[in-house]
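Enquirer: The structure that follows is given in the form of structure tokens.
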Amino acid sequence: MKMPAFLLVFFGATLFFAKAPLYAKTGWPACPEDGRSVDIYVEQSMGQLRYHSAFNSAQLSNLRGNVGRRLGPMWVPTGLTIADENYRLSVSTKTYPLGQNRYCSILTGAKLFIGYQNIDVYVSNKYQPGSCEHESILNHENIHVRIFRETLYDHANGIETALRRKAPGVGPVYMRSPNGAASKVQRLLDAQIRPLFKRMSQEISRKNARIDTKSNYRREQALCSNW
């Protein structure tokens with residue numbers, strides 16, 4: 001189970017006054033800077049792994065929500081893994097007035113966080129640690145942990161590479177509003193990076209679904225006798 005979070009933050013917009021702007025073919029003055037120099041910082045987090053064994057199956061059902069209900073109303077969860085997938089993109093921009101209510105903005109900085117703050121693993125308190133059943137559940141949930149972390153690892157460098165490649169080509173952006181120009185820079189970068197994170201998230205969901213099936217649960221339960 002996962003809880004994706006998407007956040008786009010606009011952390012800096014500065015208005016500058018150019019001394020001698022060049023003029024573009026469109027009739028608008030050209031932006032004094034081309035926006036090719038962008039400071040980029042990327043943070044990847046595999047998440048803090050936390051184990052919980054004080055919850056009963058009813059409480060796990062509440063934590064699970066709608067995830068897993070496709071297995072049927074009689075299927076009671078004995079374990080659960082929740083990872084708070086996070087995508088946070090913050091940007092800073094520089095905006096120049098071009099005269100006659102015209103402005104241009106360039107991207108000067110981008111900060112991206114991708115990954116997890118926490119990964120929480122729950123095993124029903126019905127089963128004592130060290131028992132066959134407890135270990136079977138724990139092994140299953142640890143596969144989910146591995147899926148979350150390995151898939152992030154597989155995608156993170158590609159996402160960072162894409163950000164570093166695409167960010168210098170975002171601007172300049174020309175608009176009639178200084179805030180509008182800065183906001184458009186932000187949206188243009190986000191539109192190119194967010195789909196890569198969503199692609200990773202979708203892959204995580206597919207991999208998790210492959211092991212959360214009735215047939216797989218039955219195979220795992222067949223290993224122990226005191227369910």
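Residue numbering restarts at 1 for every chain of the structure tokens, chains are lettered A, B, ... in their displayed order, and ligands are numbered from 1 as they appear.
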Using only C-alpha atoms, find each residue of range 174-215 of chain A with at least one atom at most 12 Å away from an atom of range 79-92 of chain A; report its shortest atom-to-atom pair and that distance in Å (one decimal), sort the rows by chain and rising residue number, and return the result as a Markdown table.
Expert:
| residue | atom | partner | partner_atom | distance |
| --- | --- | --- | --- | --- |
| A:Ala182 | CA | A:Ser92 | CA | 8.6 |
| A:Ser183 | CA | A:Val91 | CA | 9.7 |
| A:Lys184 | CA | A:Val91 | CA | 11.3 |
| A:Val185 | CA | A:Val91 | CA | 8.7 |
| A:Gln186 | CA | A:Val91 | CA | 6.5 |
| A:Arg187 | CA | A:Val91 | CA | 9.9 |
| A:Leu188 | CA | A:Val91 | CA | 11.1 |
| A:Leu189 | CA | A:Val91 | CA | 8.9 |
| A:Asp190 | CA | A:Leu89 | CA | 7.3 |
| A:Ala191 | CA | A:Leu89 | CA | 10.9 |
| A:Gln192 | CA | A:Leu89 | CA | 11.5 |
| A:Ile193 | CA | A:Leu89 | CA | 8.9 |
| A:Arg194 | CA | A:Tyr87 | CA | 7.7 |
| A:Pro195 | CA | A:Tyr87 | CA | 10.7 |
| A:Leu196 | CA | A:Tyr87 | CA | 10.3 |
| A:Phe197 | CA | A:Tyr87 | CA | 7.1 |
| A:Lys198 | CA | A:Tyr87 | CA | 9.1 |
| A:Met200 | CA | A:Glu85 | CA | 10.2 |
| A:Ser201 | CA | A:Glu85 | CA | 7.9 |
| A:Gln202 | CA | A:Glu85 | CA | 11.4 |
| A:Ile204 | CA | A:Glu85 | CA | 10.2 |
| A:Ser205 | CA | A:Glu85 | CA | 11.4 |
| A:Asn208 | CA | A:Thr81 | CA | 10.2 |
| A:Asp212 | CA | A:Leu80 | CA | 10.6 |
Enquirer: Among range 94-221 of chain A, which ones does DSSP assign to alpha helix (DSSP H) (computed from the backbone)? Answer as a PyMOL selection string.
Expert: chain A and resi 132-166+178-211+214-221
Enquirer: Between A:Val145, A:Ala30, A:Val170, A:Ala58, which residue has the minimum interatomic distance to Tyr96 in chain A, considering only C-alpha atoms?
Expert: A:Ala30
Enquirer: Hey, what's within 12 Å of Ala222 in chain A if we count only C-alpha atoms and toss same-chain stuff fewer than 5 positions away? As a list in words, please?
Expert: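 Residues meeting the cut-off are Cys132, Glu133, Ser136, Ser215, Asn216, Tyr217 and Trp227 of chain A.
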Enquirer: How would the residues just picked look written out with N, CA, C and O atoms as a tab-separated table (two decimals), in the first residue's frame?
Expert:
chain	number	residue	atom	x	y	z
A	132	CYS	N	5.96	-19.24	13.14
A	132	CYS	CA	5.99	-19.47	11.70
A	132	CYS	C	5.12	-18.45	10.98
A	132	CYS	O	5.51	-17.90	9.95
A	133	GLU	N	3.95	-18.22	11.55
A	133	GLU	CA	3.01	-17.30	10.91
A	133	GLU	C	3.55	-15.87	10.87
A	133	GLU	O	3.44	-15.17	9.85
A	136	SER	N	6.26	-15.62	8.30
A	136	SER	CA	5.71	-15.66	6.95
A	136	SER	C	5.16	-14.30	6.53
A	136	SER	O	5.41	-13.82	5.42
A	215	SER	N	-3.79	-16.46	-4.77
A	215	SER	CA	-2.97	-17.65	-4.97
A	215	SER	C	-1.64	-17.54	-4.23
A	215	SER	O	-1.16	-18.51	-3.62
A	216	ASN	N	-1.05	-16.36	-4.24
A	216	ASN	CA	0.22	-16.19	-3.53
A	216	ASN	C	0.03	-16.26	-2.03
A	216	ASN	O	0.84	-16.86	-1.31
A	217	TYR	N	-1.05	-15.64	-1.54
A	217	TYR	CA	-1.34	-15.72	-0.10
A	217	TYR	C	-1.54	-17.17	0.33
A	217	TYR	O	-1.08	-17.59	1.39
A	227	TRP	N	-2.92	-20.59	11.58
A	227	TRP	CA	-3.52	-19.30	11.17
A	227	TRP	C	-4.83	-19.07	11.90
A	227	TRP	O	-5.35	-18.00	11.95
Enquirer: Point out the residue among A:Ile114, A:Glu203, A:Ser225, A:Gln59 with the least atom-to-atom distance to Asn157 in chain A, counting only C-alpha atoms.
Expert: A:Ile114
Enquirer: Quick check for you: according to DSSP on this backbone, which residues of range 45-180 of chain A are classed as strand (DSSP E or B)? Reply as a PyMOL selection string.
Expert: chain A and resi 45+48-52+79-97+103-123+173-175
Enquirer: For Phe148 in chain A, which of A:Lys214, A:His134, A:Arg206, A:His52 is the closest residue, counting only C-alpha atoms?
Expert: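 Once distances to Phe148 in chain A are computed over only C-alpha atoms, the minimum belongs to A:Arg206.
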Enquirer: What does the distance between CA of Ala54 in chain A and CA of Leu152 in chain A come to in Å, to one decimal place?
Expert: 28.7 Å
Enquirer: Mind giving me the straight-line distance from CA of Asn139 in chain A to CA of Glu43 in chain A in Å, one decimal?
Expert: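 Separation between CA of Asn139 in chain A and CA of Glu43 in chain A: 29.0 Å.
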Enquirer: Please measure the separation of CA of Thr161 in chain A and CA of Gly35 in chain A, giving the value in Å to one decimal.
Expert: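 Calculated distance between CA of Thr161 in chain A and CA of Gly35 in chain A is 17.9 Å.
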